[in-house]
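*Asks:* Structure file start.pdb, PDB, C-alpha atoms, is pasted below:
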MODEL        1
ATOM      1  CA  MET A  13     -16.026  -8.683  13.085
ATOM      2  CA  LYS A  14     -16.351  -4.958  13.634
ATOM      3  CA  ILE A  15     -16.441  -2.741  10.529
ATOM      4  CA  LYS A  16     -16.350   1.038  10.848
ATOM      5  CA  THR A  17     -16.803   3.220   7.769
ATOM      6  CA  ASP A  18     -16.232   6.947   8.083
ATOM      7  CA  PHE A  19     -14.645   9.858   6.226
ATOM      8  CA  VAL A  20     -12.377  12.861   6.613
ATOM      9  CA  THR A  21     -12.253  16.146   4.754
ATOM     10  CA  GLY A  22      -9.323  16.044   2.374
ATOM     11  CA  PHE A  23      -7.497  18.302  -0.051
ATOM     12  CA  LYS A  24      -9.769  21.023  -1.480
ATOM     13  CA  ASP A  25     -12.576  19.799   0.794
ATOM     14  CA  ALA A  26     -12.891  16.431  -0.924
ATOM     15  CA  ILE A  27     -14.564  13.650   1.074
ATOM     16  CA  ILE A  28     -12.124  10.791   1.682
ATOM     17  CA  SER A  29     -13.736   7.663   3.055
ATOM     18  CA  TYR A  30     -12.019   4.923   4.995
ATOM     19  CA  THR A  31     -12.913   1.569   6.512
ATOM     20  CA  LEU A  32     -11.459   0.154   9.721
ATOM     21  CA  LEU A  33     -11.899  -3.589  10.188
ATOM     22  CA  SER A  34     -11.270  -5.277  13.501
ATOM     23  CA  LYS A  35     -11.560  -8.874  14.658
ATOM     24  CA  ASN A  36     -10.216  -8.220  18.147
ATOM     25  CA  SER A  37     -11.141  -5.014  19.961
ATOM     26  CA  LYS A  38      -7.900  -5.220  21.961
ATOM     27  CA  SER A  39      -5.573  -5.455  18.964
ATOM     28  CA  LYS A  40      -2.371  -3.437  19.164
ATOM     29  CA  SER A  41      -1.457  -4.055  15.526
ATOM     30  CA  LEU A  42      -2.702  -2.181  12.463
ATOM     31  CA  ALA A  43      -2.251  -2.874   8.753
ATOM     32  CA  ILE A  44      -2.755   0.216   6.593
ATOM     33  CA  MET A  45      -3.572  -0.320   2.925
ATOM     34  CA  PHE A  46      -2.787   2.309   0.299
ATOM     35  CA  PRO A  47      -4.554   1.307  -2.954
ATOM     36  CA  GLY A  48      -3.658   2.211  -6.526
ATOM     37  CA  LEU A  49      -5.417   4.658  -8.823
ATOM     38  CA  GLY A  50      -7.821   2.098 -10.259
ATOM     39  CA  TYR A  51      -6.888  -0.870  -8.068
ATOM     40  CA  THR A  52      -9.034  -0.418  -4.976
ATOM     41  CA  ALA A  53      -8.944  -2.012  -1.544
ATOM     42  CA  GLN A  54     -11.468  -4.514  -2.931
ATOM     43  CA  GLY A  55      -8.948  -5.822  -5.486
ATOM     44  CA  PRO A  56      -7.724  -9.401  -4.943
ATOM     45  CA  LEU A  57      -4.301  -8.429  -3.560
ATOM     46  CA  PHE A  58      -5.859  -6.264  -0.850
ATOM     47  CA  HIS A  59      -8.919  -8.464  -0.292
ATOM     48  CA  TYR A  60      -6.891 -11.553   0.568
ATOM     49  CA  SER A  61      -4.216  -9.583   2.415
ATOM     50  CA  THR A  62      -6.994  -8.209   4.599
ATOM     51  CA  GLY A  63      -7.973 -11.759   5.479
ATOM     52  CA  VAL A  64      -4.379 -12.617   6.343
ATOM     53  CA  PHE A  65      -4.060  -9.722   8.774
ATOM     54  CA  LEU A  66      -7.471 -10.225  10.370
ATOM     55  CA  ASN A  67      -6.536 -13.856  10.991
ATOM     56  CA  LYS A  68      -3.504 -12.530  12.882
ATOM     57  CA  ASN A  69      -5.835 -10.335  14.997
ATOM     58  CA  THR A  70      -4.394  -7.269  13.279
ATOM     59  CA  ASP A  71      -6.802  -4.421  12.559
ATOM     60  CA  VAL A  72      -6.958  -3.323   8.908
ATOM     61  CA  LEU A  73      -7.405   0.205   7.597
ATOM     62  CA  HIS A  74      -8.553   0.687   3.992
ATOM     63  CA  ILE A  75      -8.037   4.231   2.701
ATOM     64  CA  ASN A  76     -10.637   4.614  -0.042
ATOM     65  CA  TYR A  77      -9.484   7.580  -2.089
ATOM     66  CA  GLN A  78     -10.922   7.847  -5.612
ATOM     67  CA  TYR A  79      -8.602   9.962  -7.731
ATOM     68  CA  HIS A  80     -10.075   8.682 -10.996
ATOM     69  CA  SER A  81     -13.355  10.536 -10.270
ATOM     70  CA  ALA A  82     -14.500  13.679 -12.101
ATOM     71  CA  PHE A  83     -13.543  15.883  -9.137
ATOM     72  CA  TYR A  84      -9.847  15.377  -9.917
ATOM     73  CA  GLU A  85      -9.938  15.708 -13.713
ATOM     74  CA  SER A  86      -8.528  19.260 -13.673
ATOM     75  CA  PHE A  87      -5.780  18.471 -11.152
ATOM     76  CA  SER A  88      -2.158  18.777 -12.202
ATOM     77  CA  ASN A  89       0.236  15.976 -11.271
ATOM     78  CA  GLU A  90       1.591  18.183  -8.486
ATOM     79  CA  GLU A  91      -1.895  18.801  -7.083
ATOM     80  CA  LEU A  92      -2.709  15.094  -7.225
ATOM     81  CA  ASP A  93       0.486  14.309  -5.317
ATOM     82  CA  GLU A  94      -0.398  16.887  -2.678
ATOM     83  CA  ALA A  95      -3.976  15.596  -2.438
ATOM     84  CA  LEU A  96      -2.814  12.004  -2.025
ATOM     85  CA  LYS A  97      -0.323  12.775   0.720
ATOM     86  CA  ARG A  98      -2.601  15.143   2.610
ATOM     87  CA  ASP A  99      -5.663  12.897   2.360
ATOM     88  CA  VAL A 100      -3.786   9.863   3.608
ATOM     89  CA  ARG A 101      -2.238  11.868   6.422
ATOM     90  CA  ASN A 102      -5.680  13.111   7.521
ATOM     91  CA  VAL A 103      -7.163   9.607   7.567
ATOM     92  CA  ILE A 104      -4.276   8.122   9.533
ATOM     93  CA  ASP A 105      -4.208  11.041  11.995
ATOM     94  CA  THR A 106      -7.938  10.538  12.601
ATOM     95  CA  VAL A 107      -7.647   6.794  13.205
ATOM     96  CA  LEU A 108      -4.563   7.057  15.439
ATOM     97  CA  SER A 109      -6.196   9.802  17.510
ATOM     98  CA  SER A 110      -8.797   7.326  18.787
ATOM     99  CA  HIS A 111      -6.860   4.020  18.737
ATOM    100  CA  THR A 112      -3.586   2.937  20.335
ATOM    101  CA  TYR A 113      -1.380   0.681  18.217
ATOM    102  CA  SER A 114       2.217  -0.352  18.767
ATOM    103  CA  ASP A 115       2.845  -2.473  15.654
ATOM    104  CA  PHE A 116       2.213  -1.475  12.056
ATOM    105  CA  TYR A 117       2.170  -2.960   8.564
ATOM    106  CA  LEU A 118       2.044  -0.601   5.584
ATOM    107  CA  ILE A 119       0.926  -2.015   2.224
ATOM    108  CA  GLY A 120       1.031   0.217  -0.837
ATOM    109  CA  LYS A 121       0.275  -0.556  -4.470
ATOM    110  CA  SER A 122       1.262   1.625  -7.432
ATOM    111  CA  LEU A 123      -0.028   5.152  -6.699
ATOM    112  CA  GLY A 124      -0.299   4.112  -3.068
ATOM    113  CA  SER A 125       3.475   3.689  -2.920
ATOM    114  CA  ILE A 126       3.775   7.494  -3.136
ATOM    115  CA  ALA A 127       1.655   7.940  -0.019
ATOM    116  CA  LEU A 128       3.433   5.069   1.707
ATOM    117  CA  ALA A 129       6.855   6.615   1.059
ATOM    118  CA  SER A 130       5.623   9.928   2.458
ATOM    119  CA  GLU A 131       4.185   8.309   5.598
ATOM    120  CA  LEU A 132       7.459   6.557   6.441
ATOM    121  CA  GLY A 133       8.599   9.846   7.929
ATOM    122  CA  ARG A 134       6.060   9.400  10.701
ATOM    123  CA  THR A 135       7.735   8.461  14.006
ATOM    124  CA  ALA A 136       5.122   5.796  14.762
ATOM    125  CA  PHE A 137       6.118   3.929  11.587
ATOM    126  CA  PHE A 138       9.843   3.739  12.284
ATOM    127  CA  ASP A 139       9.658  -0.024  12.925
ATOM    128  CA  ALA A 140       6.733  -0.763  10.596
ATOM    129  CA  LYS A 141       6.924  -3.695   8.214
ATOM    130  CA  VAL A 142       6.432  -2.376   4.702
ATOM    131  CA  ILE A 143       5.005  -4.170   1.683
ATOM    132  CA  TRP A 144       5.533  -2.583  -1.727
ATOM    133  CA  LEU A 145       3.256  -4.043  -4.420
ATOM    134  CA  THR A 146       4.111  -2.880  -7.969
ATOM    135  CA  PRO A 147       5.787   0.297  -6.610
ATOM    136  CA  LEU A 148       6.504   3.258  -8.889
ATOM    137  CA  LEU A 149      10.227   2.641  -9.233
ATOM    138  CA  ASN A 150      10.520   5.563 -11.663
ATOM    139  CA  ARG A 151       9.823   8.017  -8.818
ATOM    140  CA  GLU A 152      12.805   9.094  -6.771
ATOM    141  CA  ASP A 153      10.752   9.627  -3.605
ATOM    142  CA  VAL A 154       9.444   6.063  -3.756
ATOM    143  CA  PHE A 155      12.681   4.418  -4.830
ATOM    144  CA  GLY A 156      14.715   6.455  -2.331
ATOM    145  CA  ALA A 157      12.450   5.406   0.525
ATOM    146  CA  MET A 158      12.852   1.761  -0.486
ATOM    147  CA  VAL A 159      16.626   1.623  -0.838
ATOM    148  CA  LYS A 160      17.187   3.544   2.412
ATOM    149  CA  ARG A 161      14.772   1.465   4.475
ATOM    150  CA  LYS A 162      16.573  -0.590   7.135
ATOM    151  CA  LYS A 163      13.531  -2.309   8.605
ATOM    152  CA  ARG A 164      12.067  -5.558   7.331
ATOM    153  CA  GLY A 165       9.982  -5.305   4.195
ATOM    154  CA  LEU A 166       8.796  -6.899   0.977
ATOM    155  CA  CYS A 167       8.739  -5.727  -2.642
ATOM    156  CA  ILE A 168       6.867  -7.568  -5.397
ATOM    157  CA  ILE A 169       6.732  -6.484  -9.044
ATOM    158  CA  GLY A 170       6.361  -8.148 -12.444
ATOM    159  CA  ASP A 171       8.818  -7.868 -15.322
ATOM    160  CA  LYS A 172       5.963  -6.831 -17.660
ATOM    161  CA  ASP A 173       5.025  -3.930 -15.397
ATOM    162  CA  PRO A 174       5.744  -0.576 -17.115
ATOM    163  CA  TYR A 175       7.122   0.707 -13.800
ATOM    164  CA  TYR A 176       9.640  -2.116 -13.526
ATOM    165  CA  LYS A 177      13.168  -0.828 -14.082
ATOM    166  CA  GLU A 178      15.825  -3.550 -14.147
ATOM    167  CA  GLU A 179      18.685  -1.379 -12.925
ATOM    168  CA  LYS A 180      16.654   0.006 -10.036
ATOM    169  CA  PHE A 181      15.358  -3.431  -9.084
ATOM    170  CA  GLN A 182      18.902  -4.796  -8.998
ATOM    171  CA  GLU A 183      19.951  -1.910  -6.756
ATOM    172  CA  LEU A 184      16.959  -2.598  -4.540
ATOM    173  CA  LYS A 185      17.989  -6.250  -4.210
ATOM    174  CA  GLU A 186      21.196  -5.063  -2.567
ATOM    175  CA  ASN A 187      19.144  -3.866   0.407
ATOM    176  CA  PRO A 188      19.160  -6.905   2.748
ATOM    177  CA  ALA A 189      16.179  -5.593   4.725
ATOM    178  CA  ILE A 190      13.811  -5.956   1.768
ATOM    179  CA  ASP A 191      12.798  -9.294   0.286
ATOM    180  CA  SER A 192      12.506  -8.359  -3.409
ATOM    181  CA  LEU A 193      10.546 -10.677  -5.675
ATOM    182  CA  LEU A 194      10.383 -10.301  -9.477
ATOM    183  CA  ILE A 195       7.554 -12.275 -11.063
ATOM    184  CA  PRO A 196       8.090 -13.308 -14.718
ATOM    185  CA  GLU A 197       5.364 -12.262 -17.191
ATOM    186  CA  ALA A 198       3.349 -10.420 -14.516
ATOM    187  CA  ASN A 199       1.855  -7.037 -15.425
ATOM    188  CA  HIS A 200       0.995  -4.011 -13.259
ATOM    189  CA  SER A 201      -1.898  -5.920 -11.669
ATOM    190  CA  LEU A 202       0.466  -8.820 -10.885
ATOM    191  CA  GLU A 203      -1.440 -10.902 -13.403
ATOM    192  CA  VAL A 204      -0.448 -12.692 -16.609
ATOM    193  CA  GLU A 205      -2.342 -11.440 -19.630
ATOM    194  CA  GLY A 206      -4.621 -14.159 -20.995
ATOM    195  CA  ASP A 207      -3.713 -16.673 -18.293
ATOM    196  CA  PRO A 208      -6.286 -16.708 -15.447
ATOM    197  CA  GLU A 209      -4.856 -19.812 -13.787
ATOM    198  CA  GLY A 210      -1.334 -18.420 -13.901
ATOM    199  CA  SER A 211      -2.625 -15.186 -12.401
ATOM    200  CA  ILE A 212      -4.260 -17.103  -9.546
ATOM    201  CA  ASP A 213      -0.960 -18.882  -8.895
ATOM    202  CA  ILE A 214       0.780 -15.498  -8.645
ATOM    203  CA  LEU A 215      -1.886 -14.257  -6.234
ATOM    204  CA  LYS A 216      -1.322 -17.307  -4.027
ATOM    205  CA  GLU A 217       2.445 -16.744  -4.082
ATOM    206  CA  VAL A 218       2.052 -13.079  -3.133
ATOM    207  CA  ILE A 219      -0.352 -13.813  -0.282
ATOM    208  CA  LYS A 220       2.008 -16.486   1.090
ATOM    209  CA  LYS A 221       4.848 -13.949   1.061
ATOM    210  CA  ILE A 222       2.731 -11.390   2.894
ATOM    211  CA  GLU A 223       1.587 -13.954   5.439
ATOM    212  CA  ALA A 224       5.201 -14.918   6.158
ATOM    213  CA  LEU A 225       6.394 -11.329   6.729
TER
ENDMDL
END
Produce structure tokens that represent the structure in this file.

*Replies:*
Amino acid sequence: MKIKTDFVTGFKDAIISYTLLSKNSKSKSLAIMFPGLGYTAQGPLFHYSTGVFLNKNTDVLHINYQYHSAFYESFSNEELDEALKRDVRNVIDTVLSSHTYSDFYLIGKSLGSIALASELGRTAFFDAKVIWLTPLLNREDVFGAMVKRKKRGLCIIGDKDPYYKEEKFQELKENPAIDSLLIPEANHSLEVEGDPEGSIDILKEVIKKIEAL
């Protein structure tokens, strides 16, 4: 296993770290993970997804932004959006400038779905397989990117998630390219409050779905 940790200079000169994991130096596939605000690339959903992709000899890129830190406390919502999109773009540009990939997976959770939606405009990601975990369905940029997407993808959200919107989810289900899964009783972490075993069962179901994509 090869693990490379580095950083780029992001919005307002912030340091944005990233980690590139590789099991096969000749891999032509890359999975890019866009974490949430407090749900990092070390969270269970990303941790086990990383294992799935490495087992497929797909390189994995963790973008380790930290927008809950003191540096961002004075940022407006608009500035945070701009920081997120620019920081992610800088990391991906840096990685793609020194690696050649032909196949991509994009996995975004919560806040990360904003960056994911923005990156779908990149020509290299036209055929990428996209995984939306607890996406921000209340945002038109995110929801619009999902309903318009014609390439194969996956959306997973719980009905106890504050960002779950029944009418939008039903509209999303009409898109045949996206396998949309609604998990009963699951919250924004795709867990069931007060039920560790039930939460583990959900995790297993999600990882199986990702592995099958």

*Asks:* My list of candidates is A:Phe138, A:Tyr60, A:Phe181, A:Phe87. Which is closest to A:Val72 when distances are computed with all atoms listed in the file?

*Replies:* A:Tyr60

*Asks:* Compile the contact shell of stretch 201-209 of chain A as a PyMOL selection string: residues with an atom at most 10 Å away, counting all atoms listed in the file, same-chain residues fewer than 3 positions apart removed.

*Replies:* chain A and resi 48+51+55-57+121-122+145-146+168-173+195-198+212-215+218

*Asks:* When you draw a straight line from atom CA of A:Leu42 to atom CA of A:Lys97, how long is it in Å?

*Replies:*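 Between these atoms lies a distance of 19.2 Å.
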
*Asks:* Applying the PyMOL selection byres ((chain A and resi 125) around 9) to the file I just gave you, which residues come out? Please list them as a ChimeraX atom specification.

*Replies:* /A:46-48,119-124,126-130,144-148,154

*Asks:* Any chance you could export the current selection's C-alpha atoms as a compact mmCIF listing (two decimals), in the frame of the given file?

*Replies:*
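Final file, selection12.txt:
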# COMPACT_ATOMS: atom_id res chain seq x y z
CA PHE A 46 -2.79 2.31 0.30
CA PRO A 47 -4.55 1.31 -2.95
CA GLY A 48 -3.66 2.21 -6.53
CA ILE A 119 0.93 -2.02 2.22
CA GLY A 120 1.03 0.22 -0.84
CA LYS A 121 0.28 -0.56 -4.47
CA SER A 122 1.26 1.62 -7.43
CA LEU A 123 -0.03 5.15 -6.70
CA GLY A 124 -0.30 4.11 -3.07
CA ILE A 126 3.78 7.49 -3.14
CA ALA A 127 1.66 7.94 -0.02
CA LEU A 128 3.43 5.07 1.71
CA ALA A 129 6.86 6.62 1.06
CA SER A 130 5.62 9.93 2.46
CA TRP A 144 5.53 -2.58 -1.73
CA LEU A 145 3.26 -4.04 -4.42
CA THR A 146 4.11 -2.88 -7.97
CA PRO A 147 5.79 0.30 -6.61
CA LEU A 148 6.50 3.26 -8.89
CA VAL A 154 9.44 6.06 -3.76

*Asks:* Run the PyMOL selection byres ((chain A and resi 41) around 6) mentally over the shown coordinates, then write out the matched residues as a list in words, using the chain letters and numbers from the document.

*Replies:*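 Output of the PyMOL selection byres ((chain A and resi 41) around 6): Ser39, Lys40, Leu42, Thr70, Tyr113, Asp115 and Phe116 of chain A.
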
*Asks:* Could those residues be written to a file, using C-alpha atoms, as a PDB file, keeping the file's coordinate frame?

*Replies:*
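Below you can see part_18.pdb, which holds the result:
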ATOM      1  CA  SER A  39      -5.573  -5.455  18.964  1.00  0.00           C
ATOM      2  CA  LYS A  40      -2.371  -3.437  19.164  1.00  0.00           C
ATOM      3  CA  LEU A  42      -2.702  -2.181  12.463  1.00  0.00           C
ATOM      4  CA  THR A  70      -4.394  -7.269  13.279  1.00  0.00           C
ATOM      5  CA  TYR A 113      -1.380   0.681  18.217  1.00  0.00           C
ATOM      6  CA  ASP A 115       2.845  -2.473  15.654  1.00  0.00           C
ATOM      7  CA  PHE A 116       2.213  -1.475  12.056  1.00  0.00           C
TER       8      PHE A 116
END

*Asks:* Ranking A:Ala224, A:Ala26, A:Leu32, A:Ala53 by minimum distance to A:Thr106 and counting all atoms listed in the file, which one comes first?

*Replies:*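 Residue with the minimum atom-to-atom distance to A:Thr106: A:Leu32.
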
*Asks:* Please expand the PyMOL selection byres ((chain A and resi 14) around 7) into the concrete residues it hits in this file, giving the result as a list in words.

*Replies:* Met13, Ile15, Lys16, Leu33, Ser34 and Lys35 of chain A

*Asks:* How far is it from atom CA of A:His111 to atom CA of A:Leu225, in Å with one decimal?

*Replies:* 23.6 Å
